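Containing mmCIF, C-alpha atoms: protein07.cif.
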data_input
loop_
_atom_site.label_atom_id
_atom_site.label_comp_id
_atom_site.auth_asym_id
_atom_site.auth_seq_id
_atom_site.Cartn_x
_atom_site.Cartn_y
_atom_site.Cartn_z
CA MET A 292 0.00 0.00 0.00
CA VAL A 293 1.32 3.45 -0.93
CA ILE A 294 0.34 7.01 -0.11
CA TRP A 295 1.90 9.69 -2.30
CA ARG A 296 1.73 13.41 -1.48
CA TYR A 297 2.37 16.15 -3.99
CA SER A 298 2.66 19.89 -3.65
CA SER A 299 -0.01 22.09 -5.18
CA GLY A 300 2.47 22.67 -8.02
CA GLY A 301 2.69 18.96 -8.86
CA THR A 302 6.03 18.03 -7.31
CA LEU A 303 6.57 15.37 -4.67
CA ASP A 304 6.25 16.91 -1.20
CA THR A 305 9.45 15.81 0.53
CA THR A 306 8.13 16.97 3.91
CA PHE A 307 5.96 13.83 3.75
CA ASN A 308 8.03 10.92 5.08
CA SER A 309 11.16 12.75 3.83
CA GLN A 310 10.52 11.68 0.23
CA GLY A 311 6.91 12.33 -0.78
CA TRP A 312 5.50 8.84 -0.28
CA VAL A 313 5.13 6.08 2.27
CA VAL A 314 4.76 2.32 1.83
CA HIS A 315 3.22 -0.34 4.07
CA ASP A 316 3.19 -4.11 3.67
CA GLY A 317 1.91 -7.10 5.61
CA ALA A 318 -0.96 -5.43 7.47
CA ALA A 319 -2.82 -8.75 7.72
CA GLY A 320 0.37 -10.65 8.49
CA GLY A 321 0.66 -12.59 5.25
CA ALA A 322 3.27 -10.60 3.31
CA GLY A 323 0.96 -10.72 0.28
CA PRO A 324 -0.63 -7.81 -1.58
CA ASP A 325 -1.62 -4.73 0.43
CA ILE A 326 -3.90 -2.40 -1.53
CA GLY A 327 -5.16 1.07 -0.62
CA VAL A 328 -8.47 1.85 -2.31
CA SER A 329 -9.89 5.05 -0.78
CA ILE A 330 -8.50 7.91 1.27
CA ALA A 331 -9.80 10.62 3.59
CA LEU A 332 -8.40 13.24 5.95
CA ASP A 333 -9.71 13.68 9.49
CA THR A 334 -10.18 17.00 11.28
CA SER A 335 -6.63 16.74 12.71
CA GLY A 336 -5.07 16.32 9.26
CA ARG A 337 -4.36 12.63 9.76
CA ILE A 338 -4.65 10.39 6.72
CA LEU A 339 -7.07 7.46 6.64
CA VAL A 340 -6.83 4.78 3.96
CA ALA A 341 -9.19 1.83 3.47
CA GLY A 342 -8.36 -1.25 1.45
CA ASN A 343 -7.29 -4.84 1.90
CA SER A 344 -4.32 -7.03 2.79
CA ASP A 345 -3.67 -10.69 2.03
CA SER A 346 -3.32 -12.73 5.20
CA ASP A 347 -2.11 -15.85 3.36
CA PRO A 348 -0.87 -15.46 -0.23
CA THR A 349 -0.36 -19.24 -0.51
CA ALA A 350 -4.12 -19.73 -0.22
CA GLY A 351 -6.98 -18.19 -2.14
CA PHE A 352 -9.67 -15.91 -0.75
CA SER A 353 -7.56 -14.58 2.15
CA ASP A 354 -7.88 -10.80 1.91
CA ASP A 355 -8.78 -8.88 5.05
CA MET A 356 -10.27 -5.39 5.22
CA VAL A 357 -7.72 -2.82 6.43
CA ILE A 358 -7.80 0.74 7.71
CA TRP A 359 -4.45 2.52 7.95
CA ARG A 360 -3.95 5.87 9.71
CA TYR A 361 -0.93 8.09 9.15
CA THR A 362 0.13 11.36 10.68
CA PHE A 363 0.34 14.49 8.56
CA ALA A 364 4.11 13.97 8.45
CA GLY A 365 3.75 10.51 6.90
CA THR A 366 4.38 8.16 9.83
CA LEU A 367 2.06 5.46 11.10
CA ASP A 368 -0.18 6.85 13.84
CA THR A 369 0.38 4.37 16.67
CA THR A 370 -2.49 5.89 18.66
CA PHE A 371 -4.72 4.07 16.15
CA ASN A 372 -5.19 0.50 17.41
CA GLY A 373 -1.74 0.65 18.99
CA GLN A 374 0.07 0.23 15.68
CA GLY A 375 -1.40 2.47 12.99
CA TRP A 376 -3.70 0.01 11.26
CA VAL A 377 -6.54 -2.41 11.93
CA VAL A 378 -7.77 -5.46 10.02
CA HIS A 379 -11.07 -7.32 9.96
CA ASP A 380 -11.97 -10.65 8.42
CA SER A 381 -15.09 -12.70 7.81
CA ALA A 382 -17.72 -10.00 8.31
CA ALA A 383 -20.20 -12.12 6.34
CA GLY A 384 -19.19 -15.27 8.20
CA GLY A 385 -17.60 -17.16 5.33
CA ALA A 386 -13.88 -16.74 6.02
CA GLY A 387 -13.47 -15.44 2.46
CA PRO A 388 -12.20 -12.09 1.16
CA ASP A 389 -13.07 -8.90 3.04
CA VAL A 390 -12.33 -5.70 1.13
CA GLY A 391 -12.71 -2.06 2.16
CA VAL A 392 -13.59 0.21 -0.75
CA GLY A 393 -14.98 3.52 0.55
CA ILE A 394 -14.16 5.45 3.71
CA ALA A 395 -15.76 8.37 5.59
CA GLN A 396 -15.61 9.93 9.05
CA ASP A 397 -18.22 11.74 11.11
CA ALA A 398 -17.87 14.81 13.35
CA SER A 399 -17.22 12.58 16.37
CA GLY A 400 -14.23 10.94 14.69
CA ARG A 401 -15.93 7.61 14.04
CA ILE A 402 -14.70 5.87 10.91
CA PHE A 403 -17.00 4.19 8.40
CA VAL A 404 -15.86 1.82 5.68
CA ALA A 405 -18.00 0.37 2.90
CA GLY A 406 -17.00 -2.73 1.01
CA TYR A 407 -17.81 -6.40 0.82
CA SER A 408 -17.24 -9.80 2.42
CA ASP A 409 -17.63 -13.31 1.03
CA ARG A 410 -20.06 -15.47 3.00
CA ASP A 411 -19.17 -18.62 1.04
CA PRO A 412 -15.86 -18.56 -0.89
CA SER A 413 -16.52 -22.03 -2.31
CA THR A 414 -19.21 -20.62 -4.63
CA GLU A 415 -17.50 -17.40 -5.80
CA ILE A 416 -20.88 -15.61 -6.14
CA THR A 417 -21.64 -14.76 -2.53
CA MET A 418 -20.12 -11.36 -1.78
CA ASP A 419 -22.25 -9.31 0.62
CA MET A 420 -22.18 -5.54 1.10
CA VAL A 421 -20.61 -4.53 4.41
CA ILE A 422 -20.43 -1.33 6.45
CA TRP A 423 -17.83 -1.33 9.23
CA GLN A 424 -17.79 1.32 11.97
CA TYR A 425 -14.72 2.01 14.10
CA THR A 426 -14.01 4.40 16.93
CA SER A 427 -11.39 7.10 16.42
CA GLY A 428 -9.04 4.90 18.45
CA GLY A 429 -9.26 2.03 15.96
CA THR A 430 -11.60 -0.42 17.70
CA LEU A 431 -14.86 -1.77 16.34
CA ASP A 432 -17.72 0.40 17.57
CA THR A 433 -20.11 -2.13 19.10
CA ALA A 434 -22.81 0.52 19.38
CA PHE A 435 -23.19 -0.02 15.63
CA ASN A 436 -25.47 -3.03 15.07
CA GLY A 437 -24.21 -4.55 18.33
CA GLN A 438 -20.90 -5.64 16.81
CA GLY A 439 -19.33 -2.89 14.72
CA TRP A 440 -20.43 -3.94 11.26
CA VAL A 441 -23.54 -4.76 9.24
CA VAL A 442 -24.00 -7.01 6.22
CA HIS A 443 -26.61 -6.86 3.45
CA ASP A 444 -27.30 -9.29 0.63
CA ASN A 445 -29.72 -9.59 -2.25
CA ALA A 446 -30.62 -5.94 -2.84
CA ALA A 447 -31.43 -6.67 -6.50
CA GLY A 448 -33.10 -9.98 -5.70
CA GLY A 449 -30.61 -12.34 -7.31
CA GLY A 450 -28.73 -13.66 -4.31
CA GLY A 451 -25.36 -12.94 -5.95
CA PHE A 452 -22.78 -10.21 -5.40
CA ASP A 453 -23.66 -7.12 -3.36
CA ILE A 454 -20.76 -4.66 -3.40
CA GLY A 455 -20.50 -1.39 -1.48
CA VAL A 456 -18.21 1.20 -3.06
CA GLY A 457 -18.93 4.82 -2.12
CA ILE A 458 -20.01 5.99 1.34
CA VAL A 459 -21.20 9.31 2.79
CA LEU A 460 -22.98 10.44 5.94
CA ASP A 461 -26.01 12.69 5.61
CA ALA A 462 -26.93 15.65 7.81
CA SER A 463 -28.90 13.35 10.13
CA GLY A 464 -26.01 10.93 10.61
CA ARG A 465 -27.53 8.27 8.39
CA ILE A 466 -25.16 6.22 6.27
CA LEU A 467 -25.49 6.09 2.49
CA VAL A 468 -23.63 3.51 0.43
CA ALA A 469 -23.60 3.23 -3.36
CA GLY A 470 -22.52 0.17 -5.29
CA TYR A 471 -24.15 -2.65 -7.16
CA SER A 472 -26.07 -5.89 -6.69
CA ASP A 473 -26.48 -8.95 -8.90
CA SER A 474 -30.06 -9.56 -9.97
CA ASP A 475 -29.21 -12.87 -11.65
CA PRO A 476 -25.91 -14.58 -10.77
CA THR A 477 -26.68 -17.43 -13.20
CA GLY A 478 -26.72 -15.09 -16.18
CA VAL A 479 -24.75 -12.28 -17.77
CA PRO A 480 -25.46 -9.42 -17.41
CA GLY A 481 -27.11 -9.12 -14.04
CA TYR A 482 -25.71 -6.18 -12.05
CA ASP A 483 -27.93 -3.29 -10.98
CA MET A 484 -26.81 -0.02 -9.41
CA ALA A 485 -27.74 0.02 -5.73
CA ILE A 486 -28.00 2.60 -2.94
CA TRP A 487 -28.40 1.50 0.67
CA ARG A 488 -29.29 3.74 3.63
CA TYR A 489 -28.70 2.79 7.25
CA THR A 490 -29.48 4.53 10.51
CA SER A 491 -26.66 5.68 12.77
CA ALA A 492 -27.40 2.62 14.94
CA GLY A 493 -26.68 0.25 12.06
CA THR A 494 -30.16 -0.81 11.03
CA VAL A 495 -31.63 -0.59 7.55
CA ASP A 496 -33.56 2.69 7.23
CA ALA A 497 -36.97 1.57 6.02
CA THR A 498 -38.01 5.19 5.35
CA PHE A 499 -35.70 5.05 2.32
CA ASN A 500 -37.74 3.65 -0.59
CA GLY A 501 -39.86 1.72 1.91
CA GLN A 502 -37.15 -0.86 2.56
CA GLY A 503 -33.76 0.78 3.03
CA TRP A 504 -32.32 0.41 -0.45
CA VAL A 505 -33.05 1.14 -4.09
CA VAL A 506 -31.76 -0.42 -7.30
CA HIS A 507 -31.69 0.78 -10.90
CA ASP A 508 -31.00 -1.14 -14.08
CA SER A 509 -30.44 -0.38 -17.75
CA ALA A 510 -29.67 3.34 -17.48
CA ALA A 511 -28.04 3.19 -20.93
CA ALA A 512 -31.08 1.33 -22.27
CA GLY A 513 -29.13 -1.77 -23.24
CA GLY A 514 -30.34 -4.11 -20.54
CA GLY A 515 -26.77 -4.68 -19.40
CA ASP A 516 -24.90 -4.16 -16.16
CA ASP A 517 -25.19 -0.94 -14.12
CA PHE A 518 -22.54 -0.04 -11.55
CA GLY A 519 -22.55 2.74 -8.95
CA LEU A 520 -19.01 3.80 -8.01
CA ALA A 521 -19.11 7.20 -6.29
CA LEU A 522 -21.66 8.91 -4.08
CA ALA A 523 -22.41 12.47 -2.96
CA GLN A 524 -25.30 14.40 -1.46
CA ASP A 525 -26.23 18.03 -2.12
CA ALA A 526 -27.51 20.72 0.23
CA TYR A 527 -31.12 19.69 -0.51
CA GLY A 528 -30.50 16.09 0.50
CA ARG A 529 -30.60 14.78 -3.06
CA ILE A 530 -28.38 11.78 -3.65
CA LEU A 531 -26.04 11.67 -6.63
CA VAL A 532 -24.30 8.53 -7.84
CA ALA A 533 -21.72 8.28 -10.62
CA GLY A 534 -20.98 5.06 -12.45
CA TYR A 535 -21.59 3.35 -15.75
CA SER A 536 -24.10 1.25 -17.67
CA ASP A 537 -23.74 -1.20 -20.56
CA SER A 538 -25.64 -0.01 -23.62
CA ASP A 539 -25.10 -3.27 -25.51
CA PRO A 540 -24.17 -6.38 -23.48
CA THR A 541 -23.87 -8.45 -26.66
CA VAL A 542 -20.69 -6.51 -27.46
CA GLY A 543 -19.35 -6.31 -23.91
CA THR A 544 -17.50 -3.01 -24.34
CA ASP A 545 -20.27 -0.44 -24.71
CA PHE A 546 -20.18 1.14 -21.26
CA ASP A 547 -21.63 4.64 -20.91
CA MET A 548 -21.03 7.09 -18.06
CA VAL A 549 -24.09 7.61 -15.87
CA ILE A 550 -25.10 10.08 -13.18
CA TRP A 551 -28.15 9.09 -11.20
CA ARG A 552 -29.98 11.53 -8.89
CA PHE A 553 -32.48 10.45 -6.28
CA LYS A 554 -34.70 12.50 -4.00
#
How does the structure come out when it is put into structure tokens?
Amino acid sequence: MVIWRYSSGGTLDTTFNSQGWVVHDGAAGGAGPDIGVSIALDTSGRILVAGNSDSDPTAGFSDDMVIWRYTFAGTLDTTFNGQGWVVHDSAAGGAGPDVGVGIAQDASGRIFVAGYSDRDPSTEITMDMVIWQYTSGGTLDTAFNGQGWVVHDNAAGGGGFDIGVGIVLDASGRILVAGYSDSDPTGVPGYDMAIWRYTSAGTVDATFNGQGWVVHDSAAAGGGDDFGLALAQDAYGRILVAGYSDSDPTVGTDFDMVIWRFK
């Protein structure tokens, strides 16, 4: 995993770890791939990165979700979980891959990560959307769903992949996650764009579309896959998702950019 820092003029900032970048390996203890996926800054200027680390590169399906925290100067912040990073595995109960994709922080310093976890790695179609919540000190916040994370499957009704990608907190402290869900894991295509909303306590917010999530398919009118990748909310509370949609799944390369807006 690497963090690079550049000056506003586009040159490496050598005040950051004395060279402009910092590297970390072996967060999950396996000396395999460590990958940073999303990044945020807290109110103290510390750097938060979410991603994954391979706990056993000799075996398959062994990625763990990771949060790293670095100081502004580019050193691991050892006040975070006593070492500067934290890992979590098997959120969905299947001992398969756990991957952090999006990261956010609230005004109280709590850290939220969206991603996915495999509940049954033997099938390769059973990824569930996960939201993890950590305290500012780097421990799972058990006030969130009684354990520190929540899992959701089957948003699009197909029982296949559910992947969380982007995450934001709204003005009421509710958690919004954008991503995608497989409406038919036996066929191709089958992915629909999905938005989930959870309460601050970690329960599905049934006031959102009457169930806590919404899906949308075929934005490009081709009947192909639709993926939500980034999420934002405006001052009026409207939800904006960026991603892409397949306008012709028979070709396999006709993806169009999409912006969705929901009330």
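Compared by their closest atoms to Arg401 of chain A, and using all atoms listed in the file, the residues A:Trp376, A:Trp423, A:Tyr471, A:Phe546 rank with A:Trp423 nearest.
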Determine, counting all atoms listed in the file, which protein, DNA and RNA residues have an atom within 8 Å of an atom of Asp444 of chain A; residues of the same chain fewer than 4 positions away are not included. Present the result as a list in words.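 Here the answer would be Met418, Asp419, Met420, Gly450, Gly451, Phe452 and Asp453 of chain A.
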Long-range neighbours of segment 336-346 of chain A as a ChimeraX atom specification, 10 Å cut-off, all atoms listed in the file, 4 positions minimum in chain: /A:292-294,316-332,350-368,375-380,388-396,402-406
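Nearest-residue note for Asp537 of chain A: choosing from A:Gly519, A:Gly439, A:Gly514, A:Gly373, the minimum distance belongs to A:Gly514, counting all atoms listed in the file.
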Between A:Phe553, A:Trp440, A:Tyr482, A:Tyr527, which residue has the minimum interatomic distance to Trp504 of chain A, considering all atoms listed in the file? A:Phe553
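Counting only C-alpha atoms, the residue from A:Leu467, A:Ala447, A:Ala533, A:Val542 that sits nearest to Ile422 of chain A is A:Leu467.
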Kindly give the distance, in Å, that separates atom CA of Ala497 of chain A and atom CA of Val456 of chain A, rounded to a single decimal.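 Going from atom CA of Ala497 of chain A over to atom CA of Val456 of chain A, I get 20.8 Å.
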Considering all atoms listed in the file, return as a PyMOL selection string whatever protein or nucleic-acid residues lie within 10 Å of Ser491 of chain A, sequence-local ones (same chain, fewer than 3 positions apart) excluded. chain A and resi 424+434-436+460+463-466+488+494-496
Work out how far apart atom CA of Asn445 of chain A and atom CA of Asp517 of chain A are and give it in Å to one decimal.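 Going from atom CA of Asn445 of chain A over to atom CA of Asp517 of chain A, I get 15.4 Å.
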My list of candidates is A:Ala511, A:Ala485, A:Val441, A:Ala398. Which is closest to Ala462 of chain A when distances are computed with all atoms listed in the file?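 For Ala462 of chain A, the nearest of the candidates is A:Ala398.
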Taking all atoms listed in the file into account, which of A:Met484, A:Gly387, A:Gly493, A:Ala510 comes nearest Val532 of chain A? A:Met484
Between atom CA of Gly429 of chain A and atom CA of Ala382 of chain A, distance in Å (one decimal): 16.6 Å
Quick one: residues within 9 Å of (-30.6, -6.6, -17.5) (file frame), counting all atoms listed in the file, please, as a ChimeraX atom specification. /A:474-475,479-483,508-509,513-517,540
Write a file of the selected residues as a PDB file, in the coordinates of the input, keeping C-alpha atoms.
ATOM      1  CA  SER A 474     -30.060  -9.560  -9.970  1.00  0.00           C
ATOM      2  CA  ASP A 475     -29.210 -12.870 -11.650  1.00  0.00           C
ATOM      3  CA  VAL A 479     -24.750 -12.280 -17.770  1.00  0.00           C
ATOM      4  CA  PRO A 480     -25.460  -9.420 -17.410  1.00  0.00           C
ATOM      5  CA  GLY A 481     -27.110  -9.120 -14.040  1.00  0.00           C
ATOM      6  CA  TYR A 482     -25.710  -6.180 -12.050  1.00  0.00           C
ATOM      7  CA  ASP A 483     -27.930  -3.290 -10.980  1.00  0.00           C
ATOM      8  CA  ASP A 508     -31.000  -1.140 -14.080  1.00  0.00           C
ATOM      9  CA  SER A 509     -30.440  -0.380 -17.750  1.00  0.00           C
ATOM     10  CA  GLY A 513     -29.130  -1.770 -23.240  1.00  0.00           C
ATOM     11  CA  GLY A 514     -30.340  -4.110 -20.540  1.00  0.00           C
ATOM     12  CA  GLY A 515     -26.770  -4.680 -19.400  1.00  0.00           C
ATOM     13  CA  ASP A 516     -24.900  -4.160 -16.160  1.00  0.00           C
ATOM     14  CA  ASP A 517     -25.190  -0.940 -14.120  1.00  0.00           C
ATOM     15  CA  PRO A 540     -24.170  -6.380 -23.480  1.00  0.00           C
TER      16      PRO A 540
END
Could I get segment 466-498 of chain A rebuilt with N, CA and C atoms, written as a PDB file, in the coordinates of the input?
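Wrote it out as result_26.pdb, contents follow:
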ATOM      1  N   ILE A 466     -26.266   6.694   7.095  1.00  0.00           N
ATOM      2  CA  ILE A 466     -25.160   6.220   6.270  1.00  0.00           C
ATOM      3  C   ILE A 466     -25.695   5.817   4.907  1.00  0.00           C
ATOM      4  N   LEU A 467     -25.116   6.406   3.868  1.00  0.00           N
ATOM      5  CA  LEU A 467     -25.490   6.090   2.490  1.00  0.00           C
ATOM      6  C   LEU A 467     -24.332   5.374   1.813  1.00  0.00           C
ATOM      7  N   VAL A 468     -24.640   4.277   1.164  1.00  0.00           N
ATOM      8  CA  VAL A 468     -23.630   3.510   0.430  1.00  0.00           C
ATOM      9  C   VAL A 468     -24.144   3.285  -0.993  1.00  0.00           C
ATOM     10  N   ALA A 469     -23.285   3.525  -1.963  1.00  0.00           N
ATOM     11  CA  ALA A 469     -23.600   3.230  -3.360  1.00  0.00           C
ATOM     12  C   ALA A 469     -22.731   2.074  -3.828  1.00  0.00           C
ATOM     13  N   GLY A 470     -23.273   1.279  -4.732  1.00  0.00           N
ATOM     14  CA  GLY A 470     -22.520   0.170  -5.290  1.00  0.00           C
ATOM     15  C   GLY A 470     -23.365  -0.566  -6.305  1.00  0.00           C
ATOM     16  N   TYR A 471     -23.367  -1.884  -6.208  1.00  0.00           N
ATOM     17  CA  TYR A 471     -24.150  -2.650  -7.160  1.00  0.00           C
ATOM     18  C   TYR A 471     -24.500  -4.021  -6.574  1.00  0.00           C
ATOM     19  N   SER A 472     -25.542  -4.607  -7.167  1.00  0.00           N
ATOM     20  CA  SER A 472     -26.070  -5.890  -6.690  1.00  0.00           C
ATOM     21  C   SER A 472     -26.451  -6.733  -7.894  1.00  0.00           C
ATOM     22  N   ASP A 473     -26.229  -8.040  -7.789  1.00  0.00           N
ATOM     23  CA  ASP A 473     -26.480  -8.950  -8.900  1.00  0.00           C
ATOM     24  C   ASP A 473     -27.914  -9.449  -8.867  1.00  0.00           C
ATOM     25  N   SER A 474     -28.665  -9.129  -9.905  1.00  0.00           N
ATOM     26  CA  SER A 474     -30.060  -9.560  -9.970  1.00  0.00           C
ATOM     27  C   SER A 474     -30.215 -10.980 -10.495  1.00  0.00           C
ATOM     28  N   ASP A 475     -29.132 -11.509 -11.106  1.00  0.00           N
ATOM     29  CA  ASP A 475     -29.210 -12.870 -11.650  1.00  0.00           C
ATOM     30  C   ASP A 475     -27.804 -13.445 -11.774  1.00  0.00           C
ATOM     31  N   PRO A 476     -27.282 -14.078 -10.715  1.00  0.00           N
ATOM     32  CA  PRO A 476     -25.910 -14.580 -10.770  1.00  0.00           C
ATOM     33  C   PRO A 476     -25.720 -15.745 -11.732  1.00  0.00           C
ATOM     34  N   THR A 477     -26.815 -16.324 -12.239  1.00  0.00           N
ATOM     35  CA  THR A 477     -26.680 -17.430 -13.200  1.00  0.00           C
ATOM     36  C   THR A 477     -26.523 -16.926 -14.621  1.00  0.00           C
ATOM     37  N   GLY A 478     -26.784 -15.633 -14.830  1.00  0.00           N
ATOM     38  CA  GLY A 478     -26.720 -15.090 -16.180  1.00  0.00           C
ATOM     39  C   GLY A 478     -25.813 -13.889 -16.278  1.00  0.00           C
ATOM     40  N   VAL A 479     -25.540 -13.478 -17.501  1.00  0.00           N
ATOM     41  CA  VAL A 479     -24.750 -12.280 -17.770  1.00  0.00           C
ATOM     42  C   VAL A 479     -25.500 -11.489 -18.816  1.00  0.00           C
ATOM     43  N   PRO A 480     -25.801 -10.226 -18.593  1.00  0.00           N
ATOM     44  CA  PRO A 480     -25.460  -9.420 -17.410  1.00  0.00           C
ATOM     45  C   PRO A 480     -26.482  -9.591 -16.295  1.00  0.00           C
ATOM     46  N   GLY A 481     -26.154  -9.046 -15.128  1.00  0.00           N
ATOM     47  CA  GLY A 481     -27.110  -9.120 -14.040  1.00  0.00           C
ATOM     48  C   GLY A 481     -26.958  -8.055 -12.980  1.00  0.00           C
ATOM     49  N   TYR A 482     -25.965  -7.154 -13.107  1.00  0.00           N
ATOM     50  CA  TYR A 482     -25.710  -6.180 -12.050  1.00  0.00           C
ATOM     51  C   TYR A 482     -26.592  -4.947 -12.188  1.00  0.00           C
ATOM     52  N   ASP A 483     -27.147  -4.520 -11.052  1.00  0.00           N
ATOM     53  CA  ASP A 483     -27.930  -3.290 -10.980  1.00  0.00           C
ATOM     54  C   ASP A 483     -27.241  -2.313 -10.027  1.00  0.00           C
ATOM     55  N   MET A 484     -27.298  -1.032 -10.336  1.00  0.00           N
ATOM     56  CA  MET A 484     -26.810  -0.020  -9.410  1.00  0.00           C
ATOM     57  C   MET A 484     -27.657  -0.053  -8.149  1.00  0.00           C
ATOM     58  N   ALA A 485     -27.008   0.080  -6.992  1.00  0.00           N
ATOM     59  CA  ALA A 485     -27.740   0.020  -5.730  1.00  0.00           C
ATOM     60  C   ALA A 485     -27.309   1.154  -4.807  1.00  0.00           C
ATOM     61  N   ILE A 486     -28.266   1.666  -4.034  1.00  0.00           N
ATOM     62  CA  ILE A 486     -28.000   2.600  -2.940  1.00  0.00           C
ATOM     63  C   ILE A 486     -28.663   2.010  -1.692  1.00  0.00           C
ATOM     64  N   TRP A 487     -27.876   1.927  -0.627  1.00  0.00           N
ATOM     65  CA  TRP A 487     -28.400   1.500   0.670  1.00  0.00           C
ATOM     66  C   TRP A 487     -28.384   2.688   1.627  1.00  0.00           C
ATOM     67  N   ARG A 488     -29.354   2.752   2.549  1.00  0.00           N
ATOM     68  CA  ARG A 488     -29.290   3.740   3.630  1.00  0.00           C
ATOM     69  C   ARG A 488     -29.545   3.062   4.960  1.00  0.00           C
ATOM     70  N   TYR A 489     -28.633   3.351   5.896  1.00  0.00           N
ATOM     71  CA  TYR A 489     -28.700   2.790   7.250  1.00  0.00           C
ATOM     72  C   TYR A 489     -28.809   3.908   8.275  1.00  0.00           C
ATOM     73  N   THR A 490     -29.437   3.592   9.393  1.00  0.00           N
ATOM     74  CA  THR A 490     -29.480   4.530  10.510  1.00  0.00           C
ATOM     75  C   THR A 490     -28.113   4.578  11.182  1.00  0.00           C
ATOM     76  N   SER A 491     -27.926   5.566  12.043  1.00  0.00           N
ATOM     77  CA  SER A 491     -26.660   5.680  12.770  1.00  0.00           C
ATOM     78  C   SER A 491     -26.441   4.507  13.720  1.00  0.00           C
ATOM     79  N   ALA A 492     -27.517   3.789  14.061  1.00  0.00           N
ATOM     80  CA  ALA A 492     -27.400   2.620  14.940  1.00  0.00           C
ATOM     81  C   ALA A 492     -27.024   1.354  14.195  1.00  0.00           C
ATOM     82  N   GLY A 493     -27.062   1.406  12.842  1.00  0.00           N
ATOM     83  CA  GLY A 493     -26.680   0.250  12.060  1.00  0.00           C
ATOM     84  C   GLY A 493     -27.815  -0.632  11.610  1.00  0.00           C
ATOM     85  N   THR A 494     -29.015  -0.069  11.539  1.00  0.00           N
ATOM     86  CA  THR A 494     -30.160  -0.810  11.030  1.00  0.00           C
ATOM     87  C   THR A 494     -30.588  -0.214   9.689  1.00  0.00           C
ATOM     88  N   VAL A 495     -31.135  -1.064   8.831  1.00  0.00           N
ATOM     89  CA  VAL A 495     -31.630  -0.590   7.550  1.00  0.00           C
ATOM     90  C   VAL A 495     -32.716   0.467   7.777  1.00  0.00           C
ATOM     91  N   ASP A 496     -32.608   1.593   7.068  1.00  0.00           N
ATOM     92  CA  ASP A 496     -33.560   2.690   7.230  1.00  0.00           C
ATOM     93  C   ASP A 496     -34.737   2.479   6.285  1.00  0.00           C
ATOM     94  N   ALA A 497     -35.819   1.930   6.832  1.00  0.00           N
ATOM     95  CA  ALA A 497     -36.970   1.570   6.020  1.00  0.00           C
ATOM     96  C   ALA A 497     -37.722   2.776   5.474  1.00  0.00           C
ATOM     97  N   THR A 498     -37.383   4.004   5.931  1.00  0.00           N
ATOM     98  CA  THR A 498     -38.010   5.190   5.350  1.00  0.00           C
ATOM     99  C   THR A 498     -37.420   5.522   3.985  1.00  0.00           C
TER     100      THR A 498
END
